[in-house]
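A quick write-up on the structure given underneath.
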Amino acid sequence: MVNYIFKEDSRRNVPIGKLICLARTYKKHADEMHTDVTDDPLLFLKPASSVIFNGESIIIPSMSQCLHHEVELGIVIGKKCKNVSQQEALDYVLGYLIALDITARDIQTEAKKNGWPWSIAKGFDTFAPIGEIVLKENLPDPNNVDIFLKVNEEIRQKSNTSHMAYSIERIIEFISHIMTLEPGDLIMTGTPEGIGEITKGDILEAGLSNICLLKVDVKS
Ligand code: MG
């Protein structure tokens, strides 16, 4: 099944492409993971098949006993780009969305210990819930936007993209010098502090600038 950025609008269907994710972009999150931010962004990939939308459910895979939430700003690419500069980077953005980088933390911890990739820990179906896209015209300063996550109506993560170690422009420049970015690609910019466990029956609500744009629950 192909997932589309504009789920409800067939005229503007842009298939979701690759999900390029950053790790350790917020200093306080790096601290809670007992590590540090790096000079250049650290990247990993999630499959497009992990995407779900507002109103759908995160499914706990039988291989994991410990899922964690990570709320992140997502950048949706609107135009093909390669080797772009920071000055032109935002020209290639279609918009932004709130995203959750759901992580099987027990599997990731084992992978880190052994020097294995994170593809299993990050790549299960339903591990990338995304909210509705906010077109870039409606979010003029992506480097200063509040993001939040509530679990069962309680705030778990709350921060602002101004606390990221890299600007949105630098992130796009950096990635575009590694891989061609194409329309429908989604960059997940990393999570702030406050990550924690989610379990069956939990309700997750996330958004930008205090507006809830994504509500999903957790099922086994
Ligand atoms: Mg993450």
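A note on labels: chains of the structure tokens are A, B, ... as shown, every chain counts residues from 1, and ligands are counted from 1 in their shown order.
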
Exercise for review: Enumerate as a ChimeraX atom specification all residues of stretch 60-136 of chain A assigned to helix (DSSP H, G or I) by DSSP on the backbone, naming them with the chain letters and numbers the document uses.
Suggested key: /A:86-92,105-114,119-123,136

Same residues, C-alpha atoms, output as a CSV table (one decimal), in the first residue's frame:
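Dumped to again.csv:
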```
chain,number,residue,atom,x,y,z
A,86,GLN,CA,21.4,26.8,3.1
A,87,GLN,CA,20.3,30.0,1.3
A,88,GLU,CA,18.1,28.1,-1.2
A,89,ALA,CA,17.2,25.1,1.0
A,90,LEU,CA,13.7,26.3,2.0
A,91,ASP,CA,12.7,26.7,-1.6
A,92,TYR,CA,12.5,22.9,-1.8
A,105,ARG,CA,13.9,0.9,22.8
A,106,ASP,CA,14.8,-2.6,24.0
A,107,ILE,CA,15.7,-3.6,20.4
A,108,GLN,CA,17.6,-0.4,19.9
A,109,THR,CA,19.5,-0.7,23.1
A,110,GLU,CA,20.6,-4.2,22.1
A,111,ALA,CA,21.6,-2.9,18.6
A,112,LYS,CA,23.6,-0.1,20.1
A,113,LYS,CA,25.5,-2.5,22.4
A,114,ASN,CA,26.4,-4.7,19.5
A,119,SER,CA,16.4,-0.6,11.1
A,120,ILE,CA,14.5,-3.1,13.2
A,121,ALA,CA,14.0,-0.9,16.3
A,122,LYS,CA,12.8,2.0,14.1
A,123,GLY,CA,11.2,0.3,11.2
A,136,LYS,CA,5.3,26.4,4.6
```

Check your understanding: Which residues form the shell of 6 Å around ligand 1 when you count only C-alpha atoms and all ligand atoms, given as a ChimeraX atom specification?
Key -> /A:23,70,101,190-191

Exercise for review: Can you pull out every residue within 8 Å of A:Val134, counting only C-alpha atoms, but drop anything in the same chain fewer than 6 positions away, and send it as a list in words?
Suggested key: Gly95, Tyr96 and Leu97 of chain A

Exercise for review: Excluding A:Leu208 and any residue of its chain fewer than 5 positions from it, enumerate the residues within 8 Å of it, using only C-alpha atoms, and give them as a PyMOL selection string.
Suggested key: chain A and resi 97-98+145-148+213

Can you write just those residues out, all heavy atoms, as a short mmCIF file (atom, residue, chain, number, x, y, z; two decimals), in the first residue's frame?
```cif
data_model
loop_
_atom_site.label_atom_id
_atom_site.label_comp_id
_atom_site.auth_asym_id
_atom_site.auth_seq_id
_atom_site.Cartn_x
_atom_site.Cartn_y
_atom_site.Cartn_z
N LEU A 97 5.15 19.05 9.33
CA LEU A 97 4.12 18.31 10.05
C LEU A 97 4.70 17.81 11.37
O LEU A 97 5.91 17.83 11.59
CB LEU A 97 3.58 17.15 9.20
CG LEU A 97 4.56 16.21 8.50
CD1 LEU A 97 5.19 15.23 9.48
CD2 LEU A 97 3.84 15.43 7.41
N ILE A 98 3.79 17.42 12.24
CA ILE A 98 4.24 16.82 13.50
C ILE A 98 4.33 15.31 13.26
O ILE A 98 3.47 14.74 12.59
CB ILE A 98 3.29 17.18 14.67
CG1 ILE A 98 3.95 16.91 16.01
CG2 ILE A 98 1.94 16.49 14.55
CD1 ILE A 98 5.05 17.86 16.39
N VAL A 145 9.45 27.04 16.33
CA VAL A 145 8.08 26.55 16.44
C VAL A 145 7.98 25.58 17.62
O VAL A 145 8.87 24.76 17.86
CB VAL A 145 7.61 25.90 15.10
CG1 VAL A 145 8.49 24.75 14.70
CG2 VAL A 145 6.17 25.45 15.17
N ASP A 146 6.92 25.73 18.39
CA ASP A 146 6.69 24.84 19.53
C ASP A 146 6.21 23.47 19.03
O ASP A 146 5.38 23.40 18.13
CB ASP A 146 5.62 25.41 20.46
CG ASP A 146 6.12 26.63 21.22
OD1 ASP A 146 7.33 26.68 21.53
OD2 ASP A 146 5.30 27.53 21.51
N ILE A 147 6.74 22.41 19.65
CA ILE A 147 6.21 21.07 19.40
C ILE A 147 5.86 20.45 20.76
O ILE A 147 6.49 20.77 21.77
CB ILE A 147 7.20 20.18 18.63
CG1 ILE A 147 8.53 19.98 19.39
CG2 ILE A 147 7.49 20.76 17.26
CD1 ILE A 147 9.47 18.97 18.73
N PHE A 148 4.82 19.62 20.76
CA PHE A 148 4.45 19.00 22.05
C PHE A 148 3.90 17.61 21.83
O PHE A 148 3.42 17.26 20.74
CB PHE A 148 3.42 19.86 22.79
CG PHE A 148 2.05 19.82 22.19
CD1 PHE A 148 1.13 18.85 22.55
CD2 PHE A 148 1.67 20.73 21.22
CE1 PHE A 148 -0.14 18.79 21.98
CE2 PHE A 148 0.40 20.69 20.64
CZ PHE A 148 -0.50 19.72 21.02
N LEU A 213 -2.51 18.22 16.10
CA LEU A 213 -2.64 17.84 14.69
C LEU A 213 -2.58 16.34 14.50
O LEU A 213 -2.69 15.85 13.38
CB LEU A 213 -1.53 18.49 13.87
CG LEU A 213 -1.55 20.02 13.81
CD1 LEU A 213 -0.23 20.56 13.28
CD2 LEU A 213 -2.69 20.50 12.95
#
```

Where does DSSP see strand (DSSP E or B) in stretch 29-173 of chain A, if you list the residues as a short mmCIF file (atom, residue, chain, number, x, y, z; two decimals) with N, CA, C and O atoms, in the first residue's frame?
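Printed below is states_22.cif as written:
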```cif
data_model
loop_
_atom_site.label_atom_id
_atom_site.label_comp_id
_atom_site.auth_asym_id
_atom_site.auth_seq_id
_atom_site.Cartn_x
_atom_site.Cartn_y
_atom_site.Cartn_z
N LEU A 42 23.46 13.23 12.61
CA LEU A 42 23.49 11.76 12.50
C LEU A 42 22.18 11.32 11.85
O LEU A 42 21.11 11.76 12.27
N LEU A 43 22.27 10.48 10.85
CA LEU A 43 21.08 10.08 10.09
C LEU A 43 20.80 8.59 10.20
O LEU A 43 21.72 7.78 10.30
N PHE A 44 19.52 8.25 10.15
CA PHE A 44 19.10 6.87 9.89
C PHE A 44 17.82 6.94 9.08
O PHE A 44 17.25 8.03 8.91
N LEU A 45 17.38 5.82 8.55
CA LEU A 45 16.19 5.81 7.68
C LEU A 45 15.09 4.97 8.31
O LEU A 45 15.36 3.97 8.98
N LYS A 46 13.84 5.39 8.08
CA LYS A 46 12.68 4.56 8.40
C LYS A 46 11.97 4.27 7.07
O LYS A 46 12.00 5.11 6.17
N VAL A 51 4.54 4.57 8.08
CA VAL A 51 3.69 5.75 8.28
C VAL A 51 2.24 5.36 8.59
O VAL A 51 1.67 4.48 7.94
N ILE A 52 1.67 6.02 9.60
CA ILE A 52 0.22 6.00 9.83
C ILE A 52 -0.26 7.43 10.04
O ILE A 52 0.57 8.34 10.21
N PHE A 53 -1.59 7.62 10.05
CA PHE A 53 -2.15 8.98 10.09
C PHE A 53 -3.02 9.18 11.33
O PHE A 53 -3.30 8.25 12.08
N SER A 57 -3.73 3.60 14.66
CA SER A 57 -3.17 2.99 15.89
C SER A 57 -1.74 2.54 15.71
O SER A 57 -1.39 1.93 14.69
N ILE A 58 -0.93 2.81 16.73
CA ILE A 58 0.40 2.22 16.82
C ILE A 58 0.22 0.78 17.32
O ILE A 58 -0.48 0.57 18.32
N ILE A 59 0.80 -0.16 16.61
CA ILE A 59 0.66 -1.57 17.00
C ILE A 59 1.97 -2.04 17.65
O ILE A 59 3.04 -1.94 17.06
N LEU A 67 8.16 0.09 23.94
CA LEU A 67 8.09 1.14 22.92
C LEU A 67 8.24 2.51 23.57
O LEU A 67 7.69 2.76 24.64
N HIS A 68 8.98 3.39 22.89
CA HIS A 68 9.13 4.76 23.36
C HIS A 68 8.56 5.73 22.34
O HIS A 68 8.61 5.49 21.13
N HIS A 69 8.06 6.87 22.85
CA HIS A 69 7.61 7.97 21.98
C HIS A 69 8.75 8.96 21.77
O HIS A 69 9.54 9.21 22.69
N VAL A 71 8.61 12.76 19.86
CA VAL A 71 7.88 13.73 19.02
C VAL A 71 8.90 14.58 18.26
O VAL A 71 9.93 14.97 18.81
N GLU A 72 8.62 14.85 16.99
CA GLU A 72 9.60 15.55 16.15
C GLU A 72 8.91 16.43 15.12
O GLU A 72 7.82 16.11 14.65
N LEU A 73 9.57 17.50 14.72
CA LEU A 73 9.10 18.27 13.57
C LEU A 73 9.51 17.53 12.30
O LEU A 73 10.67 17.13 12.16
N GLY A 74 8.56 17.37 11.39
CA GLY A 74 8.86 16.75 10.10
C GLY A 74 8.89 17.81 9.00
O GLY A 74 8.08 18.74 8.99
N ILE A 75 9.84 17.67 8.09
CA ILE A 75 9.93 18.56 6.93
C ILE A 75 9.51 17.75 5.71
O ILE A 75 10.08 16.68 5.45
N VAL A 76 8.53 18.23 4.95
CA VAL A 76 8.09 17.54 3.74
C VAL A 76 8.72 18.24 2.53
O VAL A 76 8.58 19.45 2.35
N ILE A 77 9.42 17.46 1.73
CA ILE A 77 10.09 18.01 0.54
C ILE A 77 9.07 18.16 -0.60
O ILE A 77 8.24 17.27 -0.82
N CYS A 81 15.74 17.91 -5.03
CA CYS A 81 16.91 18.74 -4.79
C CYS A 81 18.15 17.91 -4.49
O CYS A 81 18.08 16.83 -3.89
N VAL A 93 11.06 23.07 0.18
CA VAL A 93 10.15 22.55 1.21
C VAL A 93 8.70 22.77 0.78
O VAL A 93 8.35 23.86 0.31
N LEU A 94 7.88 21.74 0.94
CA LEU A 94 6.45 21.87 0.70
C LEU A 94 5.75 22.34 1.98
O LEU A 94 4.88 23.20 1.96
N GLY A 95 6.15 21.76 3.09
CA GLY A 95 5.53 22.13 4.36
C GLY A 95 6.12 21.34 5.51
O GLY A 95 7.16 20.68 5.36
N TYR A 96 5.42 21.41 6.62
CA TYR A 96 5.92 20.78 7.85
C TYR A 96 4.78 19.99 8.48
O TYR A 96 3.60 20.25 8.24
N LEU A 97 5.15 19.05 9.33
CA LEU A 97 4.12 18.31 10.05
C LEU A 97 4.70 17.81 11.37
O LEU A 97 5.91 17.83 11.59
N ILE A 98 3.79 17.42 12.24
CA ILE A 98 4.24 16.82 13.50
C ILE A 98 4.33 15.31 13.26
O ILE A 98 3.47 14.74 12.59
N ALA A 99 5.38 14.72 13.78
CA ALA A 99 5.62 13.31 13.53
C ALA A 99 6.07 12.64 14.83
O ALA A 99 6.64 13.29 15.71
N LEU A 100 5.82 11.35 14.92
CA LEU A 100 6.32 10.56 16.04
C LEU A 100 7.27 9.50 15.50
O LEU A 100 6.93 8.77 14.56
N THR A 103 9.88 4.05 18.66
CA THR A 103 11.13 3.29 18.75
C THR A 103 10.96 2.09 19.68
O THR A 103 10.46 2.26 20.80
N ALA A 104 11.35 0.92 19.21
CA ALA A 104 11.41 -0.24 20.11
C ALA A 104 12.72 -0.11 20.88
O ALA A 104 13.78 -0.53 20.41
N ALA A 128 5.64 5.35 12.46
CA ALA A 128 5.82 6.76 12.07
C ALA A 128 4.47 7.46 11.88
O ALA A 128 4.08 7.80 10.77
N PRO A 129 3.76 7.69 13.00
CA PRO A 129 2.51 8.46 12.88
C PRO A 129 2.82 9.90 12.47
O PRO A 129 3.73 10.53 13.02
N ILE A 130 2.07 10.42 11.49
CA ILE A 130 2.27 11.82 11.07
C ILE A 130 0.95 12.57 11.05
O ILE A 130 -0.10 12.02 10.74
N VAL A 134 1.27 21.14 7.29
CA VAL A 134 1.06 22.60 7.36
C VAL A 134 1.94 23.20 6.26
O VAL A 134 3.16 23.05 6.30
N LEU A 135 1.32 23.81 5.27
CA LEU A 135 2.11 24.35 4.15
C LEU A 135 3.08 25.41 4.67
O LEU A 135 2.79 26.11 5.64
N ASP A 146 6.92 25.73 18.39
CA ASP A 146 6.69 24.84 19.53
C ASP A 146 6.21 23.47 19.03
O ASP A 146 5.38 23.40 18.13
N ILE A 147 6.74 22.41 19.65
CA ILE A 147 6.21 21.07 19.40
C ILE A 147 5.86 20.45 20.76
O ILE A 147 6.49 20.77 21.77
N PHE A 148 4.82 19.62 20.76
CA PHE A 148 4.45 19.00 22.05
C PHE A 148 3.90 17.61 21.83
O PHE A 148 3.42 17.26 20.74
N LEU A 149 3.95 16.83 22.88
CA LEU A 149 3.30 15.51 22.90
C LEU A 149 2.66 15.29 24.26
O LEU A 149 3.30 15.47 25.31
N LYS A 150 1.38 14.91 24.21
CA LYS A 150 0.68 14.51 25.44
C LYS A 150 0.40 13.01 25.35
O LYS A 150 0.07 12.50 24.28
N VAL A 151 0.53 12.34 26.49
CA VAL A 151 0.09 10.95 26.58
C VAL A 151 -0.99 10.90 27.65
O VAL A 151 -0.76 11.33 28.79
N GLU A 154 -1.58 14.13 29.48
CA GLU A 154 -0.49 14.67 30.28
C GLU A 154 0.68 15.03 29.37
O GLU A 154 1.09 14.21 28.54
N ILE A 155 1.21 16.25 29.53
CA ILE A 155 2.36 16.65 28.70
C ILE A 155 3.58 15.79 29.01
O ILE A 155 3.99 15.68 30.16
N ARG A 156 4.13 15.16 27.98
CA ARG A 156 5.35 14.36 28.14
C ARG A 156 6.56 15.05 27.50
O ARG A 156 7.67 14.94 27.99
N GLN A 157 6.34 15.70 26.35
CA GLN A 157 7.44 16.39 25.68
C GLN A 157 6.93 17.74 25.22
O GLN A 157 5.83 17.86 24.67
N LYS A 158 7.76 18.77 25.46
CA LYS A 158 7.39 20.13 25.04
C LYS A 158 8.68 20.87 24.79
O LYS A 158 9.55 20.93 25.66
N SER A 159 8.84 21.40 23.60
CA SER A 159 10.07 22.12 23.30
C SER A 159 9.82 23.06 22.13
O SER A 159 8.67 23.30 21.74
N ASN A 160 10.90 23.61 21.61
CA ASN A 160 10.82 24.54 20.49
C ASN A 160 11.98 24.22 19.57
O ASN A 160 13.09 23.90 20.05
N MET A 164 17.16 23.15 18.64
CA MET A 164 17.89 22.15 17.85
C MET A 164 19.32 22.62 17.60
O MET A 164 19.58 23.82 17.46
#
```

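Using only C-alpha atoms, the shortest contact distance between A:Val14 and any of A:Pro61, A:Gly55, A:Pro183, A:Pro192 is found at A:Pro183.
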
Review point. If you count only C-alpha atoms, which residues fall within 12 Å of A:Ile175, apart from same-chain ones fewer than 3 positions away, as an MDAnalysis selection string?
Key: chainID A and resid 19:22 40:45 77 81:86 89 168:172 178:182 185:189

Exercise for review: Show which residues sit within 6 Å of A:Asp217, as a PyMOL selection string. Count only C-alpha atoms, and ignore same-chain residues fewer than 6 positions away.
Suggested key: chain A and resi 57+202-204

What would the file look like if the residues just selected were written as a PDB file, in the first residue's frame with N, CA and C atoms?
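Result saved to again-v1.pdb:
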```pdb
ATOM      1  N   SER A  57      -3.726   3.598  14.660  1.00  0.00           N
ATOM      2  CA  SER A  57      -3.175   2.995  15.890  1.00  0.00           C
ATOM      3  C   SER A  57      -1.736   2.537  15.708  1.00  0.00           C
ATOM      4  N   ASP A 202      -2.795   3.537  25.597  1.00  0.00           N
ATOM      5  CA  ASP A 202      -2.417   4.956  25.692  1.00  0.00           C
ATOM      6  C   ASP A 202      -2.977   5.750  24.503  1.00  0.00           C
ATOM      7  N   ILE A 203      -3.275   7.015  24.776  1.00  0.00           N
ATOM      8  CA  ILE A 203      -3.708   7.946  23.727  1.00  0.00           C
ATOM      9  C   ILE A 203      -2.624   9.006  23.584  1.00  0.00           C
ATOM     10  N   LEU A 204      -2.081   9.164  22.386  1.00  0.00           N
ATOM     11  CA  LEU A 204      -1.030  10.152  22.135  1.00  0.00           C
ATOM     12  C   LEU A 204      -1.611  11.294  21.301  1.00  0.00           C
TER      13      LEU A 204
END
```

Practice item. Identify, on the basis of only C-alpha atoms, every residue whose closest approach to A:Asn143 does not exceed 6 Å; exclude the query and any residue fewer than 2 positions from it along the same chain; express the result as an MDAnalysis selection string. Key: chainID A and resid 141 161:162
